[in-house]
>>> print(open('model.cif').read())   # mmCIF, C-alpha atoms
data_run
loop_
_atom_site.label_atom_id
_atom_site.label_comp_id
_atom_site.auth_asym_id
_atom_site.auth_seq_id
_atom_site.Cartn_x
_atom_site.Cartn_y
_atom_site.Cartn_z
CA MET A 1 -10.68 224.28 283.27
CA THR A 2 -8.06 226.79 284.28
CA VAL A 3 -4.67 227.35 282.69
CA ALA A 4 -2.97 225.89 285.77
CA GLU A 5 -5.16 222.76 285.75
CA LEU A 6 -4.57 222.28 282.04
CA GLY A 7 -0.80 222.60 282.43
CA ALA A 8 -0.74 220.04 285.23
CA ALA A 9 -3.03 217.60 283.40
CA LEU A 10 -0.89 217.67 280.25
CA GLY A 11 2.43 217.69 282.08
CA LEU A 12 3.48 220.96 280.40
CA THR A 13 6.59 222.92 281.33
CA PRO A 14 5.81 226.56 282.23
CA CYS A 15 8.13 229.30 280.91
CA THR A 16 6.21 232.14 282.60
CA PRO A 17 4.05 232.45 285.75
CA VAL A 18 1.00 230.18 285.41
CA SER A 19 -2.36 231.90 285.67
CA ASP A 20 -5.70 230.70 286.97
CA ARG A 21 -7.60 232.04 283.97
CA GLU A 22 -10.50 229.92 282.80
CA VAL A 23 -9.90 228.44 279.33
CA THR A 24 -12.82 228.67 276.91
CA GLY A 25 -11.41 227.01 273.80
CA ALA A 26 -8.31 226.40 271.72
CA ILE A 27 -6.76 227.14 268.36
CA VAL A 28 -4.05 225.22 266.53
CA SER A 29 -2.08 227.26 263.99
CA ASP A 30 1.43 228.18 262.96
CA LEU A 31 0.24 231.20 260.94
CA LEU A 32 0.02 234.32 263.10
CA SER A 33 -2.40 235.87 260.62
CA ASP A 34 -4.75 232.91 261.19
CA VAL A 35 -4.69 233.47 264.95
CA LEU A 36 -5.26 237.20 264.44
CA ALA A 37 -8.33 236.30 262.39
CA ASN A 38 -9.69 233.35 264.37
CA GLY A 39 -8.31 233.49 267.91
CA ALA A 40 -10.72 234.40 270.71
CA PRO A 41 -10.39 235.63 274.31
CA ASP A 42 -9.29 232.98 276.85
CA TYR A 43 -8.31 230.47 274.18
CA VAL A 44 -5.21 228.31 274.35
CA TRP A 45 -2.98 228.50 271.26
CA ILE A 46 -0.91 225.49 270.22
CA THR A 47 1.97 226.29 267.84
CA ILE A 48 5.56 225.56 266.83
CA GLN A 49 6.38 229.26 266.35
CA THR A 50 8.73 230.61 269.01
CA HIS A 51 9.40 234.30 268.23
CA ARG A 52 8.33 237.48 270.02
CA ASN A 53 5.26 238.15 267.91
CA VAL A 54 3.66 234.98 269.26
CA ALA A 55 3.30 236.79 272.59
CA ALA A 56 2.14 239.99 270.87
CA VAL A 57 -0.55 238.16 268.91
CA ALA A 58 -1.62 236.16 271.97
CA SER A 59 -2.06 239.33 273.99
CA ALA A 60 -3.78 241.20 271.16
CA GLN A 61 -6.35 238.39 270.94
CA GLY A 62 -6.72 238.05 274.71
CA LEU A 63 -5.53 234.44 274.70
CA ALA A 64 -5.07 232.73 278.07
CA ALA A 65 -2.06 230.60 277.21
CA VAL A 66 0.30 229.41 274.48
CA ILE A 67 1.71 225.90 274.21
CA LEU A 68 4.91 225.55 272.18
CA THR A 69 5.15 221.96 270.98
CA ALA A 70 7.66 219.43 269.68
CA GLY A 71 10.34 220.45 272.15
CA ARG A 72 10.72 223.95 270.79
CA ALA A 73 12.01 226.59 273.20
CA PRO A 74 10.70 230.17 273.20
CA ASN A 75 12.95 233.08 272.28
CA GLU A 76 13.82 235.26 275.27
CA ASP A 77 11.84 238.21 273.96
CA LEU A 78 8.75 236.01 273.63
CA VAL A 79 9.01 235.11 277.34
CA SER A 80 9.59 238.67 278.52
CA LEU A 81 6.65 240.07 276.53
CA ALA A 82 4.38 237.20 277.65
CA GLU A 83 5.28 237.94 281.29
CA THR A 84 4.49 241.63 280.80
CA GLU A 85 1.18 240.77 279.15
CA SER A 86 0.28 238.00 281.63
CA VAL A 87 0.02 235.31 278.98
CA THR A 88 1.09 231.89 280.26
CA VAL A 89 3.58 230.15 277.98
CA PHE A 90 4.19 226.39 278.23
CA THR A 91 6.40 224.04 276.30
CA SER A 92 5.77 220.38 275.51
CA LEU A 93 8.02 217.70 274.09
CA GLN A 94 5.02 216.20 272.32
CA PRO A 95 3.98 217.16 268.80
CA THR A 96 1.09 219.54 268.13
CA TYR A 97 -1.29 216.73 267.13
CA THR A 98 -0.83 214.90 270.43
CA VAL A 99 -1.16 218.03 272.57
CA ALA A 100 -4.33 219.06 270.71
CA GLY A 101 -5.79 215.56 271.08
CA LEU A 102 -5.10 215.45 274.81
CA LEU A 103 -6.59 218.94 275.26
CA TYR A 104 -9.71 217.89 273.39
CA GLY A 105 -9.93 214.79 275.55
CA LEU A 106 -9.84 216.99 278.65
CA GLY A 107 -13.02 218.66 277.48
CA VAL A 108 -11.62 221.84 275.92
CA ARG A 109 -13.84 222.02 272.85
CA MET B 110 30.82 250.97 235.21
CA GLU B 111 31.01 251.76 238.88
CA LEU B 112 30.90 249.66 242.03
CA LEU B 113 27.91 250.69 244.19
CA ALA B 114 27.51 249.54 247.79
CA ALA B 115 23.81 248.93 248.29
CA ASP B 116 21.68 248.17 251.35
CA LEU B 117 18.21 247.50 250.00
CA HIS B 118 16.48 245.97 253.05
CA ILE B 119 15.91 248.62 255.73
CA HIS B 120 12.93 249.21 258.02
CA SER B 121 11.80 252.70 259.01
CA VAL B 122 9.54 253.90 261.82
CA LEU B 123 6.62 252.73 259.70
CA SER B 124 7.43 249.11 260.52
CA PRO B 125 6.16 248.27 264.00
CA CYS B 126 9.46 246.54 264.71
CA GLY B 127 11.55 249.48 263.46
CA GLU B 128 13.08 251.76 266.08
CA LEU B 129 11.56 255.24 266.40
CA SER B 130 15.02 256.59 265.56
CA MET B 131 14.67 255.09 262.06
CA SER B 132 13.33 258.09 260.21
CA PRO B 133 14.16 258.16 256.50
CA ARG B 134 16.39 261.19 257.14
CA ALA B 135 18.31 259.34 259.87
CA ILE B 136 18.60 256.26 257.66
CA VAL B 137 20.07 258.34 254.84
CA ALA B 138 22.51 260.06 257.22
CA ARG B 139 23.72 256.74 258.62
CA ALA B 140 24.00 255.20 255.15
CA VAL B 141 26.23 258.07 254.01
CA GLU B 142 28.30 257.72 257.18
CA VAL B 143 29.01 254.01 256.58
CA GLY B 144 29.68 254.33 252.85
CA ILE B 145 26.43 252.95 251.48
CA GLN B 146 25.69 254.49 248.06
CA VAL B 147 22.22 253.09 247.40
CA VAL B 148 19.53 252.58 250.05
CA ALA B 149 15.99 251.25 249.95
CA LEU B 150 13.17 251.34 252.48
CA THR B 151 11.37 248.04 252.78
CA ASP B 152 8.73 248.46 255.45
CA HIS B 153 6.30 245.63 256.10
CA ASN B 154 3.39 245.72 253.64
CA SER B 155 3.59 249.50 253.08
CA ALA B 156 5.52 252.08 251.07
CA ARG B 157 4.00 255.09 252.82
CA ASN B 158 7.43 256.41 253.87
CA ALA B 159 8.78 256.20 250.32
CA PRO B 160 8.17 259.91 249.60
CA ALA B 161 10.07 260.80 252.77
CA LEU B 162 13.00 258.65 251.67
CA ALA B 163 12.95 260.28 248.24
CA ALA B 164 13.15 263.74 249.81
CA ALA B 165 15.82 262.80 252.34
CA ALA B 166 17.96 260.96 249.78
CA GLN B 167 17.73 263.77 247.27
CA ALA B 168 18.77 266.31 249.91
CA ALA B 169 21.84 264.19 250.71
CA GLY B 170 22.67 263.29 247.10
CA LEU B 171 22.16 259.58 247.80
CA CYS B 172 20.65 257.07 245.35
CA ALA B 173 17.51 255.32 246.56
CA LEU B 174 15.11 252.58 245.58
CA PHE B 175 11.62 252.32 247.03
CA GLY B 176 10.27 249.06 248.30
CA LEU B 177 8.10 246.99 250.54
CA GLU B 178 8.70 243.78 252.42
CA VAL B 179 5.47 242.02 251.61
CA ARG B 180 4.25 239.17 253.83
CA SER B 181 2.35 236.68 251.66
CA ALA B 182 -0.61 234.56 252.78
CA GLU B 183 1.90 231.78 253.57
CA GLU B 184 3.74 234.33 255.78
CA VAL B 185 6.72 234.37 253.44
CA ASP B 186 8.54 237.74 253.34
CA VAL B 187 9.34 239.13 249.88
CA LEU B 188 11.43 242.21 249.06
CA THR B 189 9.92 244.22 246.21
CA LEU B 190 12.03 247.16 244.98
CA PHE B 191 10.93 249.90 242.59
CA ASP B 192 12.69 252.78 240.84
CA THR B 193 10.19 255.43 241.93
CA PRO B 194 8.10 256.21 245.03
CA ALA B 195 5.01 256.36 242.79
CA ASP B 196 5.53 252.77 241.58
CA ALA B 197 6.10 251.56 245.14
CA LEU B 198 3.02 253.39 246.41
CA ALA B 199 0.86 252.00 243.59
CA TYR B 200 1.97 248.44 244.37
CA GLY B 201 1.45 249.31 248.03
CA ASP B 202 -2.19 250.07 247.23
CA TRP B 203 -2.54 246.57 245.77
CA VAL B 204 -0.96 245.13 248.92
CA HIS B 205 -3.11 247.26 251.21
CA ALA B 206 -6.29 246.05 249.50
CA ALA B 207 -5.34 242.52 250.63
CA LEU B 208 -4.29 243.49 254.18
CA PRO B 209 -6.73 242.34 256.90
CA SER B 210 -8.31 245.17 258.90
CA VAL B 211 -6.66 244.15 262.15
CA PRO B 212 -5.69 247.20 264.23
CA CYS B 213 -2.11 247.67 265.43
CA ASP B 214 -1.79 247.92 269.21
CA PRO B 215 1.43 249.98 269.53
CA ALA B 216 2.06 248.71 273.07
CA LEU B 217 2.30 245.16 271.74
CA PHE B 218 3.69 245.52 268.24
CA GLY B 219 5.21 249.03 268.09
CA ASP B 220 4.24 252.31 266.43
CA GLN B 221 3.66 252.56 262.68
CA VAL B 222 4.64 256.14 261.90
CA VAL B 223 4.31 257.94 258.57
CA VAL B 224 6.76 260.85 258.31
CA ASP B 225 8.11 263.31 255.78
CA GLY B 226 11.71 263.88 254.75
CA GLU B 227 12.21 266.36 257.61
CA ASP B 228 11.16 263.89 260.34
CA GLU B 229 7.76 265.55 260.77
CA ILE B 230 5.04 263.06 261.73
CA LEU B 231 2.28 262.95 259.10
CA GLY B 232 0.20 260.22 260.71
CA PHE B 233 0.01 256.64 261.86
CA GLU B 234 -0.86 253.54 259.85
CA PRO B 235 -3.80 251.97 261.73
CA HIS B 236 -3.72 248.42 260.32
CA LEU B 237 -1.22 245.91 261.67
CA LEU B 238 1.46 245.83 258.97
CA ILE B 239 3.18 242.61 260.07
CA ASN B 240 0.02 240.69 259.27
CA ALA B 241 -0.03 238.43 256.22
CA ILE B 242 -1.87 239.79 253.20
CA GLU B 243 -4.53 237.68 251.54
CA GLN B 244 -2.49 237.03 248.41
CA PRO B 245 -0.37 233.91 247.83
CA LEU B 246 3.39 234.04 247.35
CA ASP B 247 3.32 233.55 243.59
CA ALA B 248 0.82 236.41 243.16
CA VAL B 249 2.85 238.73 245.40
CA CYS B 250 5.94 238.11 243.25
CA ALA B 251 4.16 238.19 239.88
CA GLU B 252 2.26 241.41 240.59
CA ALA B 253 5.44 243.17 241.75
CA ARG B 254 7.32 241.97 238.68
CA ARG B 255 4.48 243.07 236.40
CA ARG B 256 4.81 246.54 237.89
CA GLY B 257 8.56 246.63 237.25
CA ALA B 258 10.00 245.60 240.61
CA LEU B 259 13.16 243.74 241.46
CA VAL B 260 11.85 240.82 243.54
CA LEU B 261 13.93 239.00 246.15
CA LEU B 262 12.93 236.34 248.67
CA ALA B 263 13.90 237.73 252.08
CA HIS B 264 16.23 236.05 254.62
CA VAL B 265 15.67 232.58 253.16
CA ASP B 266 17.83 230.94 255.84
CA ARG B 267 15.67 232.17 258.76
CA PRO B 268 13.42 229.85 260.80
CA ALA B 269 10.37 232.14 260.42
CA ASN B 270 8.80 234.10 257.57
CA SER B 271 11.13 232.76 254.89
CA VAL B 272 10.21 230.69 251.86
CA LEU B 273 12.10 227.74 253.28
CA SER B 274 10.58 227.97 256.78
CA GLN B 275 7.04 228.37 255.47
CA LEU B 276 7.00 226.07 252.45
CA GLY B 277 9.94 223.83 253.30
CA PHE B 278 11.22 223.91 249.74
CA MET B 279 12.09 226.30 246.94
CA PRO B 280 9.38 226.39 244.25
CA ASP B 281 10.97 226.18 240.81
CA ASP B 282 8.62 228.57 239.05
CA LEU B 283 8.56 231.70 241.25
CA PRO B 284 9.20 234.92 239.31
CA VAL B 285 12.03 236.22 241.52
CA ASP B 286 15.43 237.79 240.86
CA GLY B 287 17.30 236.26 243.78
CA VAL B 288 17.32 235.28 247.42
CA GLU B 289 18.58 237.19 250.44
CA LEU B 290 20.66 235.65 253.22
CA SER B 291 20.56 236.87 256.81
CA ARG B 292 23.81 237.32 258.70
CA PHE B 293 23.43 233.74 259.96
CA GLY B 294 23.19 232.31 256.47
CA ASP B 295 25.95 230.48 254.57
CA GLU B 296 25.64 230.34 250.80
CA ASP B 297 27.45 227.03 250.23
CA ARG B 298 25.35 225.28 252.86
CA LEU B 299 22.14 226.80 251.50
CA ARG B 300 22.87 225.62 247.97
CA ALA B 301 23.87 222.15 249.16
CA GLU B 302 20.62 221.77 251.13
CA HIS B 303 18.39 223.31 248.47
CA PRO B 304 19.63 222.44 244.98
CA ALA B 305 16.31 223.75 243.65
CA LEU B 306 17.76 227.25 244.09
CA GLY B 307 19.63 226.47 240.87
CA GLY B 308 21.24 229.56 239.46
CA LEU B 309 19.30 232.05 241.58
CA PRO B 310 21.76 234.67 242.84
CA VAL B 311 22.28 235.43 246.52
CA VAL B 312 22.25 238.93 248.00
CA ARG B 313 22.92 240.21 251.49
CA PHE B 314 21.30 243.29 253.02
CA SER B 315 21.11 244.45 256.63
CA ASP B 316 17.36 244.08 257.37
CA ALA B 317 18.17 246.99 259.71
CA HIS B 318 15.68 247.91 262.41
CA ARG B 319 18.07 250.34 264.13
CA PRO B 320 20.64 252.77 262.72
CA GLY B 321 23.71 250.81 263.84
CA GLU B 322 22.72 247.86 261.65
CA ILE B 323 22.63 249.76 258.35
CA GLY B 324 25.16 248.51 255.84
CA TYR B 325 26.76 245.76 257.91
CA GLN B 326 25.41 243.40 255.31
CA GLN B 327 25.33 244.83 251.80
CA THR B 328 25.62 243.87 248.17
CA GLN B 329 28.08 245.61 245.89
CA PHE B 330 26.74 246.08 242.38
CA GLU B 331 29.11 246.72 239.47
CA VAL B 332 26.75 248.58 237.16
CA ALA B 333 26.44 251.60 234.87
CA ALA B 334 23.96 253.25 237.25
CA ALA B 335 21.67 252.49 240.20
CA GLY B 336 18.26 251.08 239.33
CA VAL B 337 16.14 247.98 238.95
CA THR B 338 17.20 247.16 235.36
CA GLU B 339 20.91 247.53 236.09
CA PHE B 340 20.71 245.59 239.37
CA ARG B 341 18.83 242.76 237.66
CA ALA B 342 21.52 242.61 234.95
CA ALA B 343 24.18 242.51 237.69
CA LEU B 344 22.41 239.65 239.47
CA GLU B 345 22.22 237.76 236.19
CA GLY B 346 25.84 238.59 235.37
CA ARG B 347 24.94 240.17 232.04
CA GLY B 348 26.85 242.85 230.11
CA GLY B 349 29.90 242.84 232.35
CA ARG B 350 27.76 243.64 235.37
CA ARG B 351 28.01 241.70 238.61
CA ALA B 352 26.80 241.61 242.20
CA VAL B 353 28.89 240.63 245.22
CA PRO B 354 27.24 240.00 248.60
CA VAL B 355 29.26 241.24 251.59
CA ARG B 356 28.90 240.41 255.28
CA ARG B 357 30.72 242.51 257.87
CA ALA B 358 30.98 242.37 261.64
CA LEU B 359 28.07 244.08 263.36
CA ALA B 360 29.32 247.27 265.01
#
>>> encode(input="model.cif", output="structure tokens")
Amino acid sequence: MTVAELGAALGLTPCTPVSDREVTGAIVSDLLSDVLANGAPDYVWITIQTHRNVAAVASAQGLAAVILTAGRAPNEDLVSLAETESVTVFTSLQPTYTVAGLLYGLGVR
Amino acid sequence: MELLAADLHIHSVLSPCGELSMSPRAIVARAVEVGIQVVALTDHNSARNAPALAAAAQAAGLCALFGLEVRSAEEVDVLTLFDTPADALAYGDWVHAALPSVPCDPALFGDQVVVDGEDEILGFEPHLLINAIEQPLDAVCAEARRRGALVLLAHVDRPANSVLSQLGFMPDDLPVDGVELSRFGDEDRLRAEHPALGGLPVVRFSDAHRPGEIGYQQTQFEVAAAGVTEFRAALEGRGGRRAVPVRRALA
């Protein structure tokens, strides 16, 4: 499944250009240090954190996309760095648990 | 007794988020310019620019403390302030031993530059300093205290990397000397929302990442001299000493 297909299937709102990168897995965490330790290339990251270092960590780990949940909006500097680094950032009004469950149901394991 | 204007939360070029203009010498120059009488460097998870601050402060006749802003395993930021560069560096070794070996990509996070008091580059810290160390909050505070530090919970009103954002509450048994408010924070509101703060004193420092921010938040200490013991007495209101947090308009 690509980032674009995933965004459409979950009804996510894009904050940056949506890529066609193939998604290989996902990680749920609000600790950046956890993602630095356990994130992997082409993963989707589901989090409630909204600051600039979310984009920096996502790029450092080669993540394909970030989903900010529970109606949280990204800080401007998160969006600008994500655009520079070609990391797709979505928002969702749904809580992390629901987004993760739907993603799992779509076959992202 | 004298009234000392102190800004004890400042990032240098060693912090990836600190501007490259933030050399210890430039920090000291700006502090003198805006009337700050005591400065401290509090780079993320490292005190490697403490010797540079000591040299620059001594050259300018400015008082200095030497610190780190440690990020605990819970990603709570803690200010730890020591009287000497040696004490800060020794505690920094303890912190470094618990820092994951994740490299810092300067293009993403910023450069982590170690300098001397004359702005000469001595090297670069390779490990990402804004990572969380593998030590819990209570251990971070207790170890710093054991080594003689003044320990303050950083920007407790902020939505990320503060004790209240990460834990959601104020633990009642943390060995800390006070809590710091960011420029967005209001002390009355904080105390109303978190009665568990009890009698913990509030301080304000700039958390400066660029020269223009130095001193716009500060705490004025009425003390006999600058130093951890005197500042702790001021925070506790002992012996006629006191501490007054001040917030000014950002230039």
>>> residues_around(input="model.cif", residues="segment 60-71 of chain A", least_positions_apart="4", cutoff="8 Å", atoms="only C-alpha atoms", output="PyMOL selection string")
(chain A and resi 3+21-23+35-36+39-50+56+87-96+99) or (chain B and resi 214+217)
>>> resolve_selection(input="model.cif", expression="the PyMOL selection byres ((chain A) within 9 of (chain B))", output="number ranges by chain")
A: 31-34, 36-37, 49-51, 53, 55-57, 59-60, 81, 85
>>> atom_distance(input="model.cif", atom1="atom CA of Met131 of chain B", atom2="atom CA of Val222 of chain B")
10.1 Å
>>> atom_distance(input="model.cif", atom1="atom CA of Leu290 of chain B", atom2="atom CA of Thr328 of chain B")
10.8 Å
>>> atom_distance(input="model.cif", atom1="atom CA of Ser29 of chain A", atom2="atom CA of Asp77 of chain A")
20.3 Å
>>> residues_around(input="model.cif", residues="His118 of chain B", least_positions_apart="4", cutoff="8 Å", atoms="only C-alpha atoms", output="list in words")
Val148, Ala149, Leu150, Thr151, Leu188, Phe314, Ser315, Asp316 and Ala317 of chain B
>>> resolve_selection(input="model.cif", expression="the PyMOL selection byres ((chain B and resi 129) around 10)", output="PyMOL selection string")
chain B and resi 121-128+130-132+219-222+318-319
>>> residues_around(input="model.cif", residues="Asp186 of chain B", least_positions_apart="2", cutoff="9 Å", atoms="only C-alpha atoms", output="ChimeraX atom specification")
/B:153,178-181,183-184,188,246,262-265,270-272
>>> write_last_selection(input="model.cif", atoms="C-alpha atoms", output="PDB file, keeping the file's coordinate frame")
ATOM      1  CA  HIS B 153       6.300 245.630 256.100  1.00  0.00           C
ATOM      2  CA  GLU B 178       8.700 243.780 252.420  1.00  0.00           C
ATOM      3  CA  VAL B 179       5.470 242.020 251.610  1.00  0.00           C
ATOM      4  CA  ARG B 180       4.250 239.170 253.830  1.00  0.00           C
ATOM      5  CA  SER B 181       2.350 236.680 251.660  1.00  0.00           C
ATOM      6  CA  GLU B 183       1.900 231.780 253.570  1.00  0.00           C
ATOM      7  CA  GLU B 184       3.740 234.330 255.780  1.00  0.00           C
ATOM      8  CA  LEU B 188      11.430 242.210 249.060  1.00  0.00           C
ATOM      9  CA  LEU B 246       3.390 234.040 247.350  1.00  0.00           C
ATOM     10  CA  LEU B 262      12.930 236.340 248.670  1.00  0.00           C
ATOM     11  CA  ALA B 263      13.900 237.730 252.080  1.00  0.00           C
ATOM     12  CA  HIS B 264      16.230 236.050 254.620  1.00  0.00           C
ATOM     13  CA  VAL B 265      15.670 232.580 253.160  1.00  0.00           C
ATOM     14  CA  ASN B 270       8.800 234.100 257.570  1.00  0.00           C
ATOM     15  CA  SER B 271      11.130 232.760 254.890  1.00  0.00           C
ATOM     16  CA  VAL B 272      10.210 230.690 251.860  1.00  0.00           C
TER      17      VAL B 272
END
>>> resolve_selection(input="model.cif", expression="the PyMOL selection byres ((chain B and resi 195) around 12)", output="short mmCIF file (atom, residue, chain, number, x, y, z; two decimals) with C-alpha atoms, in the coordinates of the input")
data_model
loop_
_atom_site.label_atom_id
_atom_site.label_comp_id
_atom_site.auth_asym_id
_atom_site.auth_seq_id
_atom_site.Cartn_x
_atom_site.Cartn_y
_atom_site.Cartn_z
CA ALA B 156 5.52 252.08 251.07
CA ARG B 157 4.00 255.09 252.82
CA ASN B 158 7.43 256.41 253.87
CA ALA B 159 8.78 256.20 250.32
CA PRO B 160 8.17 259.91 249.60
CA ALA B 163 12.95 260.28 248.24
CA LEU B 174 15.11 252.58 245.58
CA PHE B 175 11.62 252.32 247.03
CA GLY B 176 10.27 249.06 248.30
CA LEU B 190 12.03 247.16 244.98
CA PHE B 191 10.93 249.90 242.59
CA ASP B 192 12.69 252.78 240.84
CA THR B 193 10.19 255.43 241.93
CA PRO B 194 8.10 256.21 245.03
CA ASP B 196 5.53 252.77 241.58
CA ALA B 197 6.10 251.56 245.14
CA LEU B 198 3.02 253.39 246.41
CA ALA B 199 0.86 252.00 243.59
CA TYR B 200 1.97 248.44 244.37
CA GLY B 201 1.45 249.31 248.03
CA ASP B 202 -2.19 250.07 247.23
CA ARG B 256 4.81 246.54 237.89
CA GLY B 257 8.56 246.63 237.25
#
>>> residues_around(input="model.cif", residues="segment 252-255 of chain B", least_positions_apart="4", cutoff="8 Å", atoms="all atoms listed in the file", output="PyMOL selection string")
chain B and resi 189+200+248+259-260+284-285
>>> closest_residue(input="model.cif", among="B:Gln327, B:Val185, B:Pro320, B:Leu171", to="Ser274 of chain B", atoms="all atoms listed in the file")
B:Val185
>>> residues_around(input="model.cif", residues="Gly7 of chain A", least_positions_apart="5", cutoff="9 Å", atoms="all atoms listed in the file", output="list of chain:residue names")
A:Thr2, A:Leu12, A:Thr13, A:Pro14, A:Val18, A:Phe90
>>> closest_residue(input="model.cif", among="A:Cys15, A:Leu103, A:Leu10, A:Val28", to="Ser80 of chain A", atoms="only C-alpha atoms")
A:Cys15
>>> closest_residue(input="model.cif", among="B:Gly277, B:Pro304, B:Gly287, B:Gly144", to="Leu112 of chain B", atoms="all atoms listed in the file")
B:Gly144
>>> closest_residue(input="model.cif", among="B:Asp152, B:Glu322, B:Glu345, B:Asp297", to="Arg139 of chain B", atoms="only C-alpha atoms")
B:Glu322
